[in-house]
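First comes the structure, then the notes that go with it.
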Amino acid sequence: MQVFKLRKKGVKCGFPRFKSIERMKSLHYPQYEAGFWLDKKLKVTPFGEITIKKHREIKGEIKTLTLKRESSGKWFAIFCVEKEEPILRENRGKAVGIDLGLKTFATLSNGMEIDNPRHFKRYEERLAFIQRKFSFHKKRTKNYKKAKIRVAKLNEKVSDCRRDFLHKISTELVNIYSFVALEKLASKEMAEENYGKSINDAGWSMFANMLAYKAEGAGCRVVFVNPENTSKMCSRCGNIRDDLTLWDRTYKCPTCGLSTDRDLNSAVNILTKATPGQGGSNACNSFHKERDVALATSVKQEAHTYL
Ligand SMILES: [Zn+2]
C-alpha cells in the first residue's frame, strides 16, 4: 500500500517484488520455551530437532531466537540473552583522537597509524571473475545456482574478514584509551558521492558502533564530533586553510609554519574538538573537563614531538 501512496505524491519508487522462499532471510522466535528449546540439540517448531554447532557457551537467560540464512546457504541460530551487567572496570588510559581515512584505516592523534587491510581489493579480482562467469549462466539452472552460491560465499568471506579486523581494532582501542574522539561521519552520503567502494570497505559506521558499545564495559568514553573543518584547520594555531584539496597529504600552515601529516592534523583537531576549552565543543561534562583538557594538551604535545 505504501508504494501506491508514495506514487500518488509523486515520489519515484518501484513496485514491491514478489518475495519467493529464496529471498527469505530470517525467522524470529520471541519467547524461550514457546516455540524453541535448547538442549544438546535445538528444538524448533515446526521443524523439530536441529543439530547445531555451538560457537560458545551461552551465558545468561535465553530470551529470543533468530534463525538466519546467509545467501551463501549457511544457517545461523542467534540467541538473545539477558545477563547481569559486569562490574565496570576503571581505565587509566590516555585520551585519543582518531581520524578514519582511506590511505590508512585510522590515524591516531598520538601519531600511530593503523593500516587499512583492504580485504576487498584482495578479493576484488577474484570476485569480478566469478561474478562474470555467473552472469553467463542460464537462470534457474543447476550451474546458475552453484555459481550464485560461489559468489555469495566469497562476499561472505570478505565481510567476515572485515568484521574480524574491526572487532580486533575496536577492542584494542577501548582497552588502551580512556577517551576516544571520532568524527561523526555521514559515511553513506560520502560513499555515494565520490569514494564508492573504499569507504564501504573500511566499514566506518560498523566500526563506530563497535567502539560505542564496547566502550562502556571497558571504562572508556567515546565521543563523536562535528566533522566540520577538522582537516582544514591547523591543529597548532587554529588557522583554517580553505584551499586544502584531497590530494594534499601534508598539512602546511602558512601562519605558524606547522608542517604535518594531513590525517594526523585531523586526528589532533578531532581530539581538541571533543575536549572543551580548546575547540569550543561541549562534548564533555564538567566532571571530566579539567582532566580531559590536561590529557588533550599532553597528547597534542606528543603528536608534535612524534614528528
Ligand atoms: Zn598554524
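Chain labels A, B, ... are given in the sequence in which chains occur in the C-alpha cells; within each chain residues are numbered consecutively from 1, and ligands are likewise numbered from 1 in the order shown.
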
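Each residue with an atom within 9 Å of any atom of ligand 1 appears in the list, which was built counting only C-alpha atoms and all ligand atoms: Met233, Cys234, Ser235, Arg236, Cys237, Gly238, Asn239, Ile240, Lys252, Cys253, Pro254, Thr255, Cys256, Gly257, Leu258 and Ser259 of chain A.
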
**Message:** So that I can check the secondary structure, give me every residue of range 112-160 of chain A assigned alpha helix (DSSP H) by backbone DSSP, as JSON, numbers by chain.
**Reply:** {"A": [119, 120, 121, 122, 123, 124, 125, 126, 127, 128, 129, 130, 131, 132, 133, 134, 135, 136, 142, 143, 144, 145, 146, 147, 148, 149, 150, 151, 152, 153, 154, 155, 156, 157, 158, 159, 160]}

**Residues within 8 Å of range 164-172 of chain A, only C-alpha atoms, excluding chain neighbours under 6 positions, as a PyMOL selection string** = chain A and resi 203+206-207+210-211+214

**Prompt:** Got a sec to tell me which of range 4-149 of chain A DSSP assigns to strand (DSSP E or B), as a PyMOL selection string?
**Reply:** chain A and resi 26-29+36-38+42-44+48-50+61-69+75-82+95-100+106-108+113-114

Contacts of range 51-66 of chain A at 9 Å or less, counting only C-alpha atoms, minus same-chain residues fewer than 2 places along, as an mmCIF file with all heavy atoms, in the first residue's frame?
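Written file, out.cif:
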data_model
loop_
_atom_site.group_PDB
_atom_site.id
_atom_site.type_symbol
_atom_site.label_atom_id
_atom_site.label_comp_id
_atom_site.auth_asym_id
_atom_site.auth_seq_id
_atom_site.Cartn_x
_atom_site.Cartn_y
_atom_site.Cartn_z
ATOM 1 N N SER A 26 15.262 -14.491 7.477
ATOM 2 C CA SER A 26 15.320 -14.905 8.875
ATOM 3 C C SER A 26 13.955 -15.217 9.466
ATOM 4 O O SER A 26 12.919 -14.798 8.956
ATOM 5 C CB SER A 26 16.003 -13.830 9.712
ATOM 6 O OG SER A 26 15.198 -12.687 9.743
ATOM 7 N N LEU A 27 13.992 -15.965 10.543
ATOM 8 C CA LEU A 27 12.795 -16.335 11.296
ATOM 9 C C LEU A 27 13.019 -15.917 12.736
ATOM 10 O O LEU A 27 14.099 -16.151 13.276
ATOM 11 C CB LEU A 27 12.655 -17.854 11.286
ATOM 12 C CG LEU A 27 11.862 -18.537 10.201
ATOM 13 C CD1 LEU A 27 12.103 -20.030 10.298
ATOM 14 C CD2 LEU A 27 10.397 -18.233 10.359
ATOM 15 N N HIS A 28 12.034 -15.342 13.356
ATOM 16 C CA HIS A 28 12.228 -14.847 14.715
ATOM 17 C C HIS A 28 11.296 -15.546 15.700
ATOM 18 O O HIS A 28 10.105 -15.674 15.445
ATOM 19 C CB HIS A 28 11.988 -13.333 14.737
ATOM 20 C CG HIS A 28 12.273 -12.720 16.057
ATOM 21 N ND1 HIS A 28 13.541 -12.721 16.606
ATOM 22 C CD2 HIS A 28 11.471 -12.101 16.954
ATOM 23 C CE1 HIS A 28 13.493 -12.127 17.785
ATOM 24 N NE2 HIS A 28 12.250 -11.748 18.020
ATOM 25 N N TYR A 29 11.871 -16.008 16.785
ATOM 26 C CA TYR A 29 11.074 -16.624 17.854
ATOM 27 C C TYR A 29 11.214 -15.753 19.083
ATOM 28 O O TYR A 29 12.285 -15.693 19.676
ATOM 29 C CB TYR A 29 11.582 -18.039 18.156
ATOM 30 C CG TYR A 29 11.344 -19.016 17.038
ATOM 31 C CD1 TYR A 29 12.201 -19.069 15.947
ATOM 32 C CD2 TYR A 29 10.263 -19.890 17.074
ATOM 33 C CE1 TYR A 29 11.983 -19.960 14.915
ATOM 34 C CE2 TYR A 29 10.040 -20.792 16.046
ATOM 35 C CZ TYR A 29 10.907 -20.821 14.973
ATOM 36 O OH TYR A 29 10.696 -21.700 13.961
ATOM 37 N N PRO A 30 10.164 -15.075 19.499
ATOM 38 C CA PRO A 30 10.296 -14.067 20.556
ATOM 39 C C PRO A 30 10.322 -14.610 21.986
ATOM 40 O O PRO A 30 10.603 -13.871 22.911
ATOM 41 C CB PRO A 30 9.095 -13.157 20.345
ATOM 42 C CG PRO A 30 8.090 -14.015 19.671
ATOM 43 C CD PRO A 30 8.796 -15.100 18.937
ATOM 44 N N GLN A 31 10.020 -15.879 22.202
ATOM 45 C CA GLN A 31 9.940 -16.328 23.587
ATOM 46 C C GLN A 31 10.524 -17.718 23.775
ATOM 47 O O GLN A 31 10.183 -18.645 23.050
ATOM 48 C CB GLN A 31 8.489 -16.295 24.051
ATOM 49 C CG GLN A 31 8.361 -16.089 25.534
ATOM 50 C CD GLN A 31 6.916 -16.196 25.976
ATOM 51 O OE1 GLN A 31 5.989 -16.150 25.188
ATOM 52 N NE2 GLN A 31 6.733 -16.356 27.265
ATOM 53 N N TYR A 32 11.390 -17.843 24.772
ATOM 54 C CA TYR A 32 12.012 -19.133 25.044
ATOM 55 C C TYR A 32 10.994 -20.107 25.636
ATOM 56 O O TYR A 32 10.117 -19.715 26.389
ATOM 57 C CB TYR A 32 13.185 -18.950 26.020
ATOM 58 C CG TYR A 32 14.027 -20.193 26.210
ATOM 59 C CD1 TYR A 32 14.524 -20.877 25.111
ATOM 60 C CD2 TYR A 32 14.298 -20.683 27.482
ATOM 61 C CE1 TYR A 32 15.287 -22.025 25.278
ATOM 62 C CE2 TYR A 32 15.071 -21.818 27.658
ATOM 63 C CZ TYR A 32 15.556 -22.484 26.550
ATOM 64 O OH TYR A 32 16.311 -23.612 26.708
ATOM 65 N N PHE A 36 10.711 -22.682 20.871
ATOM 66 C CA PHE A 36 12.063 -23.236 20.746
ATOM 67 C C PHE A 36 12.648 -23.616 22.102
ATOM 68 O O PHE A 36 12.359 -22.995 23.115
ATOM 69 C CB PHE A 36 12.978 -22.278 19.990
ATOM 70 C CG PHE A 36 13.451 -21.083 20.759
ATOM 71 C CD1 PHE A 36 14.712 -21.076 21.352
ATOM 72 C CD2 PHE A 36 12.662 -19.949 20.887
ATOM 73 C CE1 PHE A 36 15.161 -19.976 22.056
ATOM 74 C CE2 PHE A 36 13.101 -18.851 21.592
ATOM 75 C CZ PHE A 36 14.345 -18.858 22.173
ATOM 76 N N LYS A 40 20.932 -30.304 24.059
ATOM 77 C CA LYS A 40 22.104 -30.586 23.242
ATOM 78 C C LYS A 40 21.817 -30.193 21.815
ATOM 79 O O LYS A 40 22.678 -29.696 21.093
ATOM 80 C CB LYS A 40 22.450 -32.075 23.336
ATOM 81 C CG LYS A 40 23.414 -32.312 24.483
ATOM 82 C CD LYS A 40 24.067 -33.648 24.426
ATOM 83 C CE LYS A 40 25.063 -33.772 25.568
ATOM 84 N NZ LYS A 40 25.214 -35.119 26.039
ATOM 85 N N LYS A 41 20.566 -30.437 21.432
ATOM 86 C CA LYS A 41 20.131 -30.007 20.109
ATOM 87 C C LYS A 41 19.155 -28.856 20.264
ATOM 88 O O LYS A 41 18.656 -28.597 21.359
ATOM 89 C CB LYS A 41 19.449 -31.173 19.393
ATOM 90 C CG LYS A 41 20.439 -32.233 18.931
ATOM 91 C CD LYS A 41 19.744 -33.303 18.160
ATOM 92 C CE LYS A 41 20.756 -34.278 17.585
ATOM 93 N NZ LYS A 41 20.098 -35.277 16.735
ATOM 94 N N LEU A 42 18.923 -28.189 19.162
ATOM 95 C CA LEU A 42 17.957 -27.098 19.186
ATOM 96 C C LEU A 42 16.627 -27.631 18.672
ATOM 97 O O LEU A 42 16.558 -28.201 17.587
ATOM 98 C CB LEU A 42 18.462 -25.957 18.286
ATOM 99 C CG LEU A 42 17.534 -24.768 18.106
ATOM 100 C CD1 LEU A 42 17.361 -24.023 19.413
ATOM 101 C CD2 LEU A 42 18.100 -23.823 17.055
ATOM 102 N N LYS A 43 15.596 -27.465 19.485
ATOM 103 C CA LYS A 43 14.283 -27.943 19.058
ATOM 104 C C LYS A 43 13.433 -26.739 18.686
ATOM 105 O O LYS A 43 13.260 -25.824 19.498
ATOM 106 C CB LYS A 43 13.636 -28.715 20.207
ATOM 107 C CG LYS A 43 12.603 -29.703 19.737
ATOM 108 C CD LYS A 43 12.153 -30.554 20.907
ATOM 109 C CE LYS A 43 10.720 -30.985 20.721
ATOM 110 N NZ LYS A 43 10.122 -31.455 21.960
ATOM 111 N N GLU A 49 13.937 -31.309 15.832
ATOM 112 C CA GLU A 49 15.278 -31.164 16.402
ATOM 113 C C GLU A 49 16.316 -30.840 15.332
ATOM 114 O O GLU A 49 16.342 -31.452 14.274
ATOM 115 C CB GLU A 49 15.670 -32.444 17.137
ATOM 116 C CG GLU A 49 14.959 -32.580 18.463
ATOM 117 C CD GLU A 49 15.543 -33.679 19.320
ATOM 118 O OE1 GLU A 49 16.265 -34.536 18.790
ATOM 119 O OE2 GLU A 49 15.264 -33.663 20.532
ATOM 120 N N LYS A 68 18.718 -17.441 10.976
ATOM 121 C CA LYS A 68 19.073 -16.562 9.876
ATOM 122 C C LYS A 68 19.763 -17.350 8.773
ATOM 123 O O LYS A 68 20.612 -18.196 9.053
ATOM 124 C CB LYS A 68 20.007 -15.480 10.399
ATOM 125 C CG LYS A 68 20.321 -14.408 9.397
ATOM 126 C CD LYS A 68 21.274 -13.398 9.995
ATOM 127 C CE LYS A 68 21.722 -12.428 8.934
ATOM 128 N NZ LYS A 68 23.013 -11.852 9.247
ATOM 129 N N PHE A 76 22.249 -19.694 10.578
ATOM 130 C CA PHE A 76 22.751 -19.330 11.899
ATOM 131 C C PHE A 76 21.601 -19.254 12.888
ATOM 132 O O PHE A 76 20.511 -18.801 12.530
ATOM 133 C CB PHE A 76 23.460 -17.969 11.854
ATOM 134 C CG PHE A 76 24.768 -18.004 11.129
ATOM 135 C CD1 PHE A 76 24.844 -17.692 9.783
ATOM 136 C CD2 PHE A 76 25.928 -18.352 11.796
ATOM 137 C CE1 PHE A 76 26.053 -17.735 9.109
ATOM 138 C CE2 PHE A 76 27.138 -18.393 11.132
ATOM 139 C CZ PHE A 76 27.198 -18.087 9.783
ATOM 140 N N ALA A 77 21.852 -19.731 14.102
ATOM 141 C CA ALA A 77 20.877 -19.556 15.177
ATOM 142 C C ALA A 77 21.435 -18.494 16.106
ATOM 143 O O ALA A 77 22.515 -18.645 16.660
ATOM 144 C CB ALA A 77 20.672 -20.862 15.920
ATOM 145 N N ILE A 78 20.726 -17.390 16.222
ATOM 146 C CA ILE A 78 21.213 -16.276 17.042
ATOM 147 C C ILE A 78 20.358 -16.169 18.308
ATOM 148 O O ILE A 78 19.159 -15.947 18.225
ATOM 149 C CB ILE A 78 21.160 -14.961 16.247
ATOM 150 C CG1 ILE A 78 22.003 -15.098 14.973
ATOM 151 C CG2 ILE A 78 21.666 -13.799 17.084
ATOM 152 C CD1 ILE A 78 21.566 -14.172 13.867
ATOM 153 N N PHE A 79 20.996 -16.359 19.451
ATOM 154 C CA PHE A 79 20.261 -16.280 20.714
ATOM 155 C C PHE A 79 20.485 -14.923 21.355
ATOM 156 O O PHE A 79 21.602 -14.421 21.412
ATOM 157 C CB PHE A 79 20.745 -17.366 21.678
ATOM 158 C CG PHE A 79 20.466 -18.751 21.204
ATOM 159 C CD1 PHE A 79 21.440 -19.473 20.519
ATOM 160 C CD2 PHE A 79 19.229 -19.329 21.411
ATOM 161 C CE1 PHE A 79 21.186 -20.756 20.066
ATOM 162 C CE2 PHE A 79 18.963 -20.609 20.958
ATOM 163 C CZ PHE A 79 19.940 -21.324 20.283
ATOM 164 N N CYS A 80 19.400 -14.368 21.839
ATOM 165 C CA CYS A 80 19.490 -13.123 22.563
ATOM 166 C C CYS A 80 19.362 -13.476 24.035
ATOM 167 O O CYS A 80 18.414 -14.170 24.418
ATOM 168 C CB CYS A 80 18.342 -12.223 22.137
ATOM 169 S SG CYS A 80 18.790 -10.533 22.034
ATOM 170 N N VAL A 81 20.318 -13.063 24.862
ATOM 171 C CA VAL A 81 20.239 -13.417 26.275
ATOM 172 C C VAL A 81 20.246 -12.181 27.165
ATOM 173 O O VAL A 81 20.664 -11.097 26.751
ATOM 174 C CB VAL A 81 21.417 -14.335 26.706
ATOM 175 C CG1 VAL A 81 21.375 -15.640 25.974
ATOM 176 C CG2 VAL A 81 22.740 -13.639 26.509
ATOM 177 N N GLU A 82 19.749 -12.390 28.378
ATOM 178 C CA GLU A 82 19.778 -11.305 29.350
ATOM 179 C C GLU A 82 20.733 -11.721 30.443
ATOM 180 O O GLU A 82 20.643 -12.835 30.947
ATOM 181 C CB GLU A 82 18.370 -11.120 29.921
ATOM 182 C CG GLU A 82 18.113 -9.727 30.450
ATOM 183 C CD GLU A 82 16.654 -9.581 30.850
ATOM 184 O OE1 GLU A 82 16.305 -10.052 31.944
ATOM 185 O OE2 GLU A 82 15.880 -9.011 30.078
ATOM 186 N N LYS A 83 21.676 -10.851 30.775
ATOM 187 C CA LYS A 83 22.553 -11.197 31.902
ATOM 188 C C LYS A 83 22.915 -9.950 32.677
ATOM 189 O O LYS A 83 22.771 -8.837 32.196
ATOM 190 C CB LYS A 83 23.808 -11.925 31.404
ATOM 191 C CG LYS A 83 24.700 -11.123 30.485
ATOM 192 C CD LYS A 83 25.972 -11.918 30.190
ATOM 193 C CE LYS A 83 26.883 -11.126 29.301
ATOM 194 N NZ LYS A 83 28.089 -11.859 28.926
ATOM 195 N N GLU A 84 23.415 -10.189 33.898
ATOM 196 C CA GLU A 84 23.759 -9.070 34.769
ATOM 197 C C GLU A 84 24.949 -8.312 34.192
ATOM 198 O O GLU A 84 25.859 -8.909 33.639
ATOM 199 C CB GLU A 84 24.110 -9.586 36.163
ATOM 200 C CG GLU A 84 22.958 -10.313 36.822
ATOM 201 C CD GLU A 84 22.611 -9.710 38.159
ATOM 202 O OE1 GLU A 84 23.526 -9.178 38.816
ATOM 203 O OE2 GLU A 84 21.433 -9.764 38.544
#

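The closest residue to Asn269 in chain A, picked from A:Cys13, A:Ile98, A:Ala218, A:Ile50 and counting only C-alpha atoms, is A:Ile98.
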
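For the pair CA of Lys133 in chain A and CA of Leu154 in chain A, the separation is 13.8 Å.
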
**Request:** Measuring atom to atom with only C-alpha atoms, identify which of A:Cys220, A:Leu173, A:Val96, A:Val151 is nearest to Ser71 in chain A.
**Result:** A:Val151
